[in-house]
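*Asks:* Can you read through this structure? Questions will come right after.
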Amino acid sequence: MEKIVSLCKRRGFIFQASEIYGGLNGVWDYGPLGTELKNNLKQYWWKVIVRDRDDVVGLDGSILTHPAALKASGHVDTFTDPMVDCRTCKARLRADQLAEKNGTKQCPNCGGKDLTEARPFNLMFQTQMGASADPASIAYLRPETAQSIFVQFKNVLDVSRKKLPFGIAQIGKAFRNEINPRNFTFRSREFEQMELEYFCRPEQGMDLLAYWLKERIRFYEEIGINRKRLHILDVPDKDRAFYSKGTFDIEYEFPFGRQELEGVAYRTDYDLQQHIKSSGKTLDYFDEETKERFVPHVVEPSAGVDRTVLALICDAYDEDSAPDEKGKMETRIVMRFHPRMAPIKCAVFPLLKNKEALVAKAREVQALLRSHMNVFYDEGGAIGRRYRRQDEIGTPFGVTIDFETLGEKGEELRDTVTLRDRDSMKQERVAIKDLVETISSKIR
Ligand code: GAP
């Protein structure tokens, strides 16, 4: 894991937030490449879940949330983790994650065994709205994106005129005051979720749970996650939310252990019923054909953006060997991102930077590709070193403009370039006019 964390910082994927001030625990900033990777992931999720389907529409709800909404959802009273204090080093710890030695729980910081009784700690961040500081001005930063979907259910139904089953999808920030943020970005205090609430008739719930589990596994395969590192946990009755009739956790084998990436849960009609009770408003559905009025049930695939980005990074990291400038084999770090997810799709290199005609042609090729994909231009250093820099950030294709391109080695090669594949390191000659389609077909 240290190698991955170090690469993330060195190459600009992920930085500690407020680093120059000593860092903010459990909060992360995404650098230039991390931002691209994260955007690729979110855009692909949105495409698959919303754009490619007729039965799902989007929502972008607010982060600041009315306390009544989160009281109704149960978050104000029960969104807690059990917390203990270590009396020796004063650390605050999550009681359910403490290691035991000889049957006694221990502080992971100092090894102390003098711990307080566990007490519930509410994970929500609370803030004040407006200038007055009375209890009526309390608002919360949302702990999940889901609740704004339930609260807006009726509005979205009215404007979209969807028939059951249909879904409302959302990507956005959520905040949890985790007691022990850890494992890099895995457990953060500020993170993003990609959630779909898929509303249905009660009798469709279990089948749709199975359907969405399959769809979501397919998604992870499509973004390049190794299927062998994905696991499905059928959450047992005793560990499921009391209102859920079935929940699957999709887990990934991180270097620090097998951990949840996404939950796919059949939440019944619990959330809508809670908001009906608390708001006094009708959040039901009228079936034109059967003339029935009822409260829909919901199946929820809920994924973490940051966790998936971390899984993409862990899954892509590889070391192999490649020849250096003198032909001597050296270790090559290569991020084997699926081209669809790769932050930069193609790097463009003039063979030499002091040959005007090569540079001009390379700039021309960069301009040609730029409107179709994220392209990086690099003219600094030996070509082998430039390839290596791109391998380390997972750029799947490299285009080199050489003397053949200029027609200096025969007219038949004029306006062709070498296209290098990151994984095989093989190079092929491609006409500039075919570049866009050759690369685009692999990154869609
Ligand atoms: N609406 C259901 C819900 O929020 P959850 O299992 O609490 O369910 C869903 O969260 C997903 O959000 C998780 O599978 C995980 O990917 C992500 N997530 C939750 N807490 C997180 C945290 N502290 N840091 C990063 N991601 C988190």
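If you're wondering about the labels, chains in the structure tokens are A, B, ... by order shown, residues count from 1 in each chain, ligands from 1 in order shown.
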Mind checking which residues fall within 12 Å of Glu288 (chain A), counting only C-alpha atoms, ignoring those fewer than 6 positions away in the same chain, and posting them as a PyMOL selection string?
*Replies:* chain A and resi 161-164+294
*Asks:* When DSSP works through the backbone of this structure, what residues of region 84-145 of chain A end up as strand (DSSP E), shown as a list of chain:residue names?
*Replies:* A:Val84, A:Asp85, A:Arg92, A:Leu93, A:Arg94, A:Glu100, A:Lys101, A:Thr104, A:Lys105, A:Arg119, A:Pro120, A:Phe121, A:Asn122, A:Gln126, A:Thr127, A:Gln128, A:Ile138, A:Ala139, A:Tyr140, A:Leu141
*Asks:* Counting only C-alpha atoms, figure out which residue out of A:Pro32, A:Pro343, A:Pro323, A:Gly172 gets nearest to Gln390 (chain A).
*Replies:*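 Smallest distance to Gln390 (chain A) is found for A:Pro343.
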*Asks:* What's the separation between atom 12 (O, counted along the ligand's line) of ligand 1 and CA of Asp306 (chain A), in Å to one decimal place?
*Replies:* 8.6 Å
*Asks:* Counting only C-alpha atoms and all ligand atoms, what residues are within 10 Å of ligand 1, given as a VMD selection string?
*Replies:* chain A and resid 26 to 27 79 123 142 to 147 173 to 197 249 to 251 259 to 265 267 300 to 308 310
*Asks:* Once you have the residues from the selection above, write them out as a PDB file, in the first residue's frame, restricted to C-alpha atoms.
*Replies:*
```pdb
ATOM      1  CA  GLY A  26      -9.747  11.907   6.834  1.00  0.00           C
ATOM      2  CA  VAL A  27      -9.988  14.525   4.097  1.00  0.00           C
ATOM      3  CA  PHE A  79     -26.629   7.029  12.708  1.00  0.00           C
ATOM      4  CA  LEU A 123     -21.479  10.552  12.645  1.00  0.00           C
ATOM      5  CA  ARG A 142     -25.904  15.062   4.313  1.00  0.00           C
ATOM      6  CA  PRO A 143     -24.467  11.698   5.436  1.00  0.00           C
ATOM      7  CA  GLU A 144     -25.676  10.033   2.207  1.00  0.00           C
ATOM      8  CA  THR A 145     -27.071  11.332  -1.073  1.00  0.00           C
ATOM      9  CA  ALA A 146     -30.064   8.988  -0.909  1.00  0.00           C
ATOM     10  CA  GLN A 147     -32.313  11.063   1.342  1.00  0.00           C
ATOM     11  CA  LYS A 173     -20.666  14.604  -1.745  1.00  0.00           C
ATOM     12  CA  ALA A 174     -21.566  13.065   1.594  1.00  0.00           C
ATOM     13  CA  PHE A 175     -20.011  13.688   4.985  1.00  0.00           C
ATOM     14  CA  ARG A 176     -19.479  11.431   7.988  1.00  0.00           C
ATOM     15  CA  ASN A 177     -17.504  12.322  11.055  1.00  0.00           C
ATOM     16  CA  GLU A 178     -15.787   8.917  11.102  1.00  0.00           C
ATOM     17  CA  ILE A 179     -14.173   8.142  14.448  1.00  0.00           C
ATOM     18  CA  ASN A 180     -11.127   6.562  12.829  1.00  0.00           C
ATOM     19  CA  PRO A 181     -10.659   7.554   9.189  1.00  0.00           C
ATOM     20  CA  ARG A 182      -8.144   5.103   7.753  1.00  0.00           C
ATOM     21  CA  ASN A 183      -6.655   3.128   4.908  1.00  0.00           C
ATOM     22  CA  PHE A 184      -5.848   6.172   2.782  1.00  0.00           C
ATOM     23  CA  THR A 185      -9.076   7.413   1.143  1.00  0.00           C
ATOM     24  CA  PHE A 186     -11.025   4.256   1.969  1.00  0.00           C
ATOM     25  CA  ARG A 187     -12.714   5.644   5.059  1.00  0.00           C
ATOM     26  CA  SER A 188     -12.883   9.436   4.736  1.00  0.00           C
ATOM     27  CA  ARG A 189     -14.892  12.134   6.443  1.00  0.00           C
ATOM     28  CA  GLU A 190     -15.768  13.826   3.158  1.00  0.00           C
ATOM     29  CA  PHE A 191     -16.453  11.544   0.210  1.00  0.00           C
ATOM     30  CA  GLU A 192     -18.632  11.110  -2.840  1.00  0.00           C
ATOM     31  CA  GLN A 193     -21.361   8.603  -3.530  1.00  0.00           C
ATOM     32  CA  MET A 194     -23.031   7.359  -6.713  1.00  0.00           C
ATOM     33  CA  GLU A 195     -26.501   6.249  -5.671  1.00  0.00           C
ATOM     34  CA  LEU A 196     -29.507   4.952  -7.519  1.00  0.00           C
ATOM     35  CA  GLU A 197     -32.909   4.590  -5.890  1.00  0.00           C
ATOM     36  CA  ASP A 249     -22.116  -5.957  -0.345  1.00  0.00           C
ATOM     37  CA  ILE A 250     -19.792  -5.847  -3.329  1.00  0.00           C
ATOM     38  CA  GLU A 251     -16.317  -6.120  -1.872  1.00  0.00           C
ATOM     39  CA  GLN A 259     -13.604  -4.321   2.055  1.00  0.00           C
ATOM     40  CA  GLU A 260     -16.946  -2.949   0.842  1.00  0.00           C
ATOM     41  CA  LEU A 261     -17.082  -0.959  -2.392  1.00  0.00           C
ATOM     42  CA  GLU A 262     -20.838  -0.819  -2.776  1.00  0.00           C
ATOM     43  CA  GLY A 263     -24.036  -1.930  -1.080  1.00  0.00           C
ATOM     44  CA  VAL A 264     -26.995  -3.168  -3.120  1.00  0.00           C
ATOM     45  CA  ALA A 265     -29.996  -3.166  -0.811  1.00  0.00           C
ATOM     46  CA  ARG A 267     -34.930  -1.164   1.353  1.00  0.00           C
ATOM     47  CA  GLU A 300     -30.668   0.847  -3.932  1.00  0.00           C
ATOM     48  CA  PRO A 301     -27.248   0.279  -5.464  1.00  0.00           C
ATOM     49  CA  SER A 302     -25.044   2.680  -3.479  1.00  0.00           C
ATOM     50  CA  ALA A 303     -21.399   3.013  -4.506  1.00  0.00           C
ATOM     51  CA  GLY A 304     -18.539   5.121  -3.202  1.00  0.00           C
ATOM     52  CA  VAL A 305     -16.670   7.211  -5.773  1.00  0.00           C
ATOM     53  CA  ASP A 306     -13.503   7.470  -3.679  1.00  0.00           C
ATOM     54  CA  ARG A 307     -13.446   3.786  -2.812  1.00  0.00           C
ATOM     55  CA  THR A 308     -13.880   2.848  -6.449  1.00  0.00           C
ATOM     56  CA  LEU A 310      -8.890   3.600  -4.835  1.00  0.00           C
TER      57      LEU A 310
END
```
*Asks:* Neighbouring residues of Val298 (chain A) were defined as those with any atom within 6 Å, considering only C-alpha atoms; residues of the same chain fewer than 2 positions away were excluded. Please report them as a ChimeraX atom specification.
*Replies:* /A:198-200,267-268
*Asks:* Find the spatial neighbours of Leu157 (chain A), counting only C-alpha atoms, within a cut-off of 12 Å - ignore same-chain residues fewer than 5 positions away - and output them as a list of chain:residue names.
*Replies:*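 Once the nearby chain positions are removed, what remains is A:Asp55, A:Val56, A:Val57, A:Gly58, A:Leu59, A:Ile149, A:Phe150, A:Val151, A:Gln152, A:Lys162, A:Lys163, A:Leu164, A:Pro165, A:Phe166, A:Gly167, A:Ile168, A:Phe199, A:Leu283, A:Asp284, A:Tyr285, A:Phe286, A:Pro296.
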*Asks:* With N, CA, C and O atoms kept, could you save the residues just selected as a compact mmCIF listing (two decimals), in the first residue's frame?
*Replies:*
```txt
# COMPACT_ATOMS: atom_id res chain seq x y z
N ASP A 55 -35.34 4.37 -18.13
CA ASP A 55 -36.10 4.28 -16.88
C ASP A 55 -35.41 4.94 -15.69
O ASP A 55 -35.81 4.73 -14.54
N VAL A 56 -34.35 5.73 -15.94
CA VAL A 56 -33.67 6.41 -14.82
C VAL A 56 -33.44 7.87 -15.17
O VAL A 56 -33.03 8.19 -16.29
N VAL A 57 -33.73 8.75 -14.21
CA VAL A 57 -33.47 10.18 -14.40
C VAL A 57 -32.54 10.65 -13.27
O VAL A 57 -32.36 9.95 -12.27
N GLY A 58 -31.96 11.83 -13.45
CA GLY A 58 -30.96 12.31 -12.49
C GLY A 58 -31.48 13.36 -11.52
O GLY A 58 -32.53 13.97 -11.74
N LEU A 59 -30.71 13.55 -10.46
CA LEU A 59 -31.01 14.59 -9.48
C LEU A 59 -29.67 15.11 -8.95
O LEU A 59 -28.70 14.34 -8.88
N ILE A 149 -33.12 12.15 -2.61
CA ILE A 149 -33.92 11.47 -3.65
C ILE A 149 -35.30 11.12 -3.09
O ILE A 149 -36.32 11.36 -3.73
N PHE A 150 -35.33 10.58 -1.87
CA PHE A 150 -36.63 10.23 -1.28
C PHE A 150 -37.48 11.49 -1.04
O PHE A 150 -38.67 11.51 -1.32
N VAL A 151 -36.82 12.54 -0.54
CA VAL A 151 -37.55 13.77 -0.24
C VAL A 151 -38.12 14.39 -1.53
O VAL A 151 -39.20 14.98 -1.51
N GLN A 152 -37.40 14.26 -2.63
CA GLN A 152 -37.85 14.85 -3.90
C GLN A 152 -38.61 13.84 -4.78
O GLN A 152 -38.90 14.15 -5.95
N LYS A 162 -42.60 9.21 -15.15
CA LYS A 162 -42.13 7.83 -15.32
C LYS A 162 -43.14 6.86 -14.74
O LYS A 162 -43.87 7.18 -13.80
N LYS A 163 -43.13 5.66 -15.32
CA LYS A 163 -43.97 4.57 -14.79
C LYS A 163 -43.06 3.62 -14.04
O LYS A 163 -41.91 3.41 -14.43
N LEU A 164 -43.59 2.97 -13.00
CA LEU A 164 -42.80 1.98 -12.27
C LEU A 164 -42.47 0.79 -13.17
O LEU A 164 -43.31 0.42 -13.99
N PRO A 165 -41.31 0.14 -13.04
CA PRO A 165 -40.23 0.57 -12.17
C PRO A 165 -39.39 1.66 -12.83
O PRO A 165 -39.17 1.62 -14.03
N PHE A 166 -38.94 2.61 -12.02
CA PHE A 166 -38.04 3.65 -12.54
C PHE A 166 -37.12 4.10 -11.42
O PHE A 166 -37.39 3.87 -10.24
N GLY A 167 -36.03 4.76 -11.83
CA GLY A 167 -35.05 5.13 -10.83
C GLY A 167 -34.68 6.60 -10.86
O GLY A 167 -34.88 7.29 -11.87
N ILE A 168 -34.15 7.07 -9.73
CA ILE A 168 -33.58 8.42 -9.64
C ILE A 168 -32.14 8.24 -9.18
O ILE A 168 -31.88 7.57 -8.17
N PHE A 199 -37.25 2.58 -7.90
CA PHE A 199 -38.57 2.37 -7.30
C PHE A 199 -39.35 1.30 -8.08
O PHE A 199 -39.29 1.25 -9.31
N LEU A 283 -46.46 10.68 -0.65
CA LEU A 283 -45.34 10.33 -1.54
C LEU A 283 -45.66 8.97 -2.15
O LEU A 283 -44.92 8.02 -1.99
N ASP A 284 -46.83 8.92 -2.79
CA ASP A 284 -47.22 7.61 -3.32
C ASP A 284 -47.27 7.64 -4.85
O ASP A 284 -46.92 8.63 -5.49
N TYR A 285 -47.75 6.53 -5.41
CA TYR A 285 -47.73 6.35 -6.85
C TYR A 285 -49.10 5.86 -7.27
O TYR A 285 -49.69 4.99 -6.61
N PHE A 286 -49.61 6.43 -8.36
CA PHE A 286 -50.91 5.98 -8.85
C PHE A 286 -50.70 5.20 -10.15
O PHE A 286 -50.14 5.73 -11.12
N PRO A 296 -44.30 3.08 -3.37
CA PRO A 296 -43.37 2.15 -4.03
C PRO A 296 -42.30 1.63 -3.08
O PRO A 296 -41.97 2.28 -2.08
```
*Asks:* Determine the nearest neighbour of Lys71 (chain A) from the options A:Lys277, A:Lys113, A:Arg429, A:Arg388, counting only C-alpha atoms.
*Replies:*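 Using only C-alpha atoms, Lys71 (chain A) sits closest to A:Lys277.
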*Asks:* Dump as a tab-separated table the rows for residues of region 20-76 of chain A within 12 Å of region 359-374 of chain A: closest atom pair and distance in Å with one decimal, only C-alpha atoms counted, ordered by chain and rising residue number.
*Replies:*
```
residue	atom	partner	partner_atom	distance
A:Pro32	CA	A:Asn374	CA	12.0
A:Leu33	CA	A:Asn374	CA	10.8
A:Glu36	CA	A:Asn374	CA	8.9
A:Leu37	CA	A:Asn374	CA	11.0
A:Asn39	CA	A:Asn374	CA	11.8
A:Asn40	CA	A:Asn374	CA	10.6
```
*Asks:* List as a list in words the protein and nucleic acid residues near Ile14 (chain A), meaning an atom at most 8 Å away when only C-alpha atoms are counted, but skip any in the same chain fewer than 2 places from it.
*Replies:* Cys8, Lys9, Gly12, Gln16, Trp28, Asp29, Tyr30, Gly31 and Gly34 of chain A
*Asks:* As a VMD selection string, which residues of region 52-218 of chain A does DSSP assign to helix (DSSP H, G or I)?
*Replies:* chain A and resid 67 to 72 75 to 78 95 to 97 135 to 137 146 to 151 153 to 160 202 to 218
*Asks:* Can you list, as a VMD selection string, every protein, DNA or RNA residue that comes within 6 Å of region 125-129 of chain A when you count only C-alpha atoms, leaving out same-chain residues fewer than 4 positions away?
*Replies:* chain A and resid 137 to 141
*Asks:* CA of Gln204 (chain A) to CA of Ser73 (chain A): how many Å, to one decimal?
*Replies:* 23.2 Å
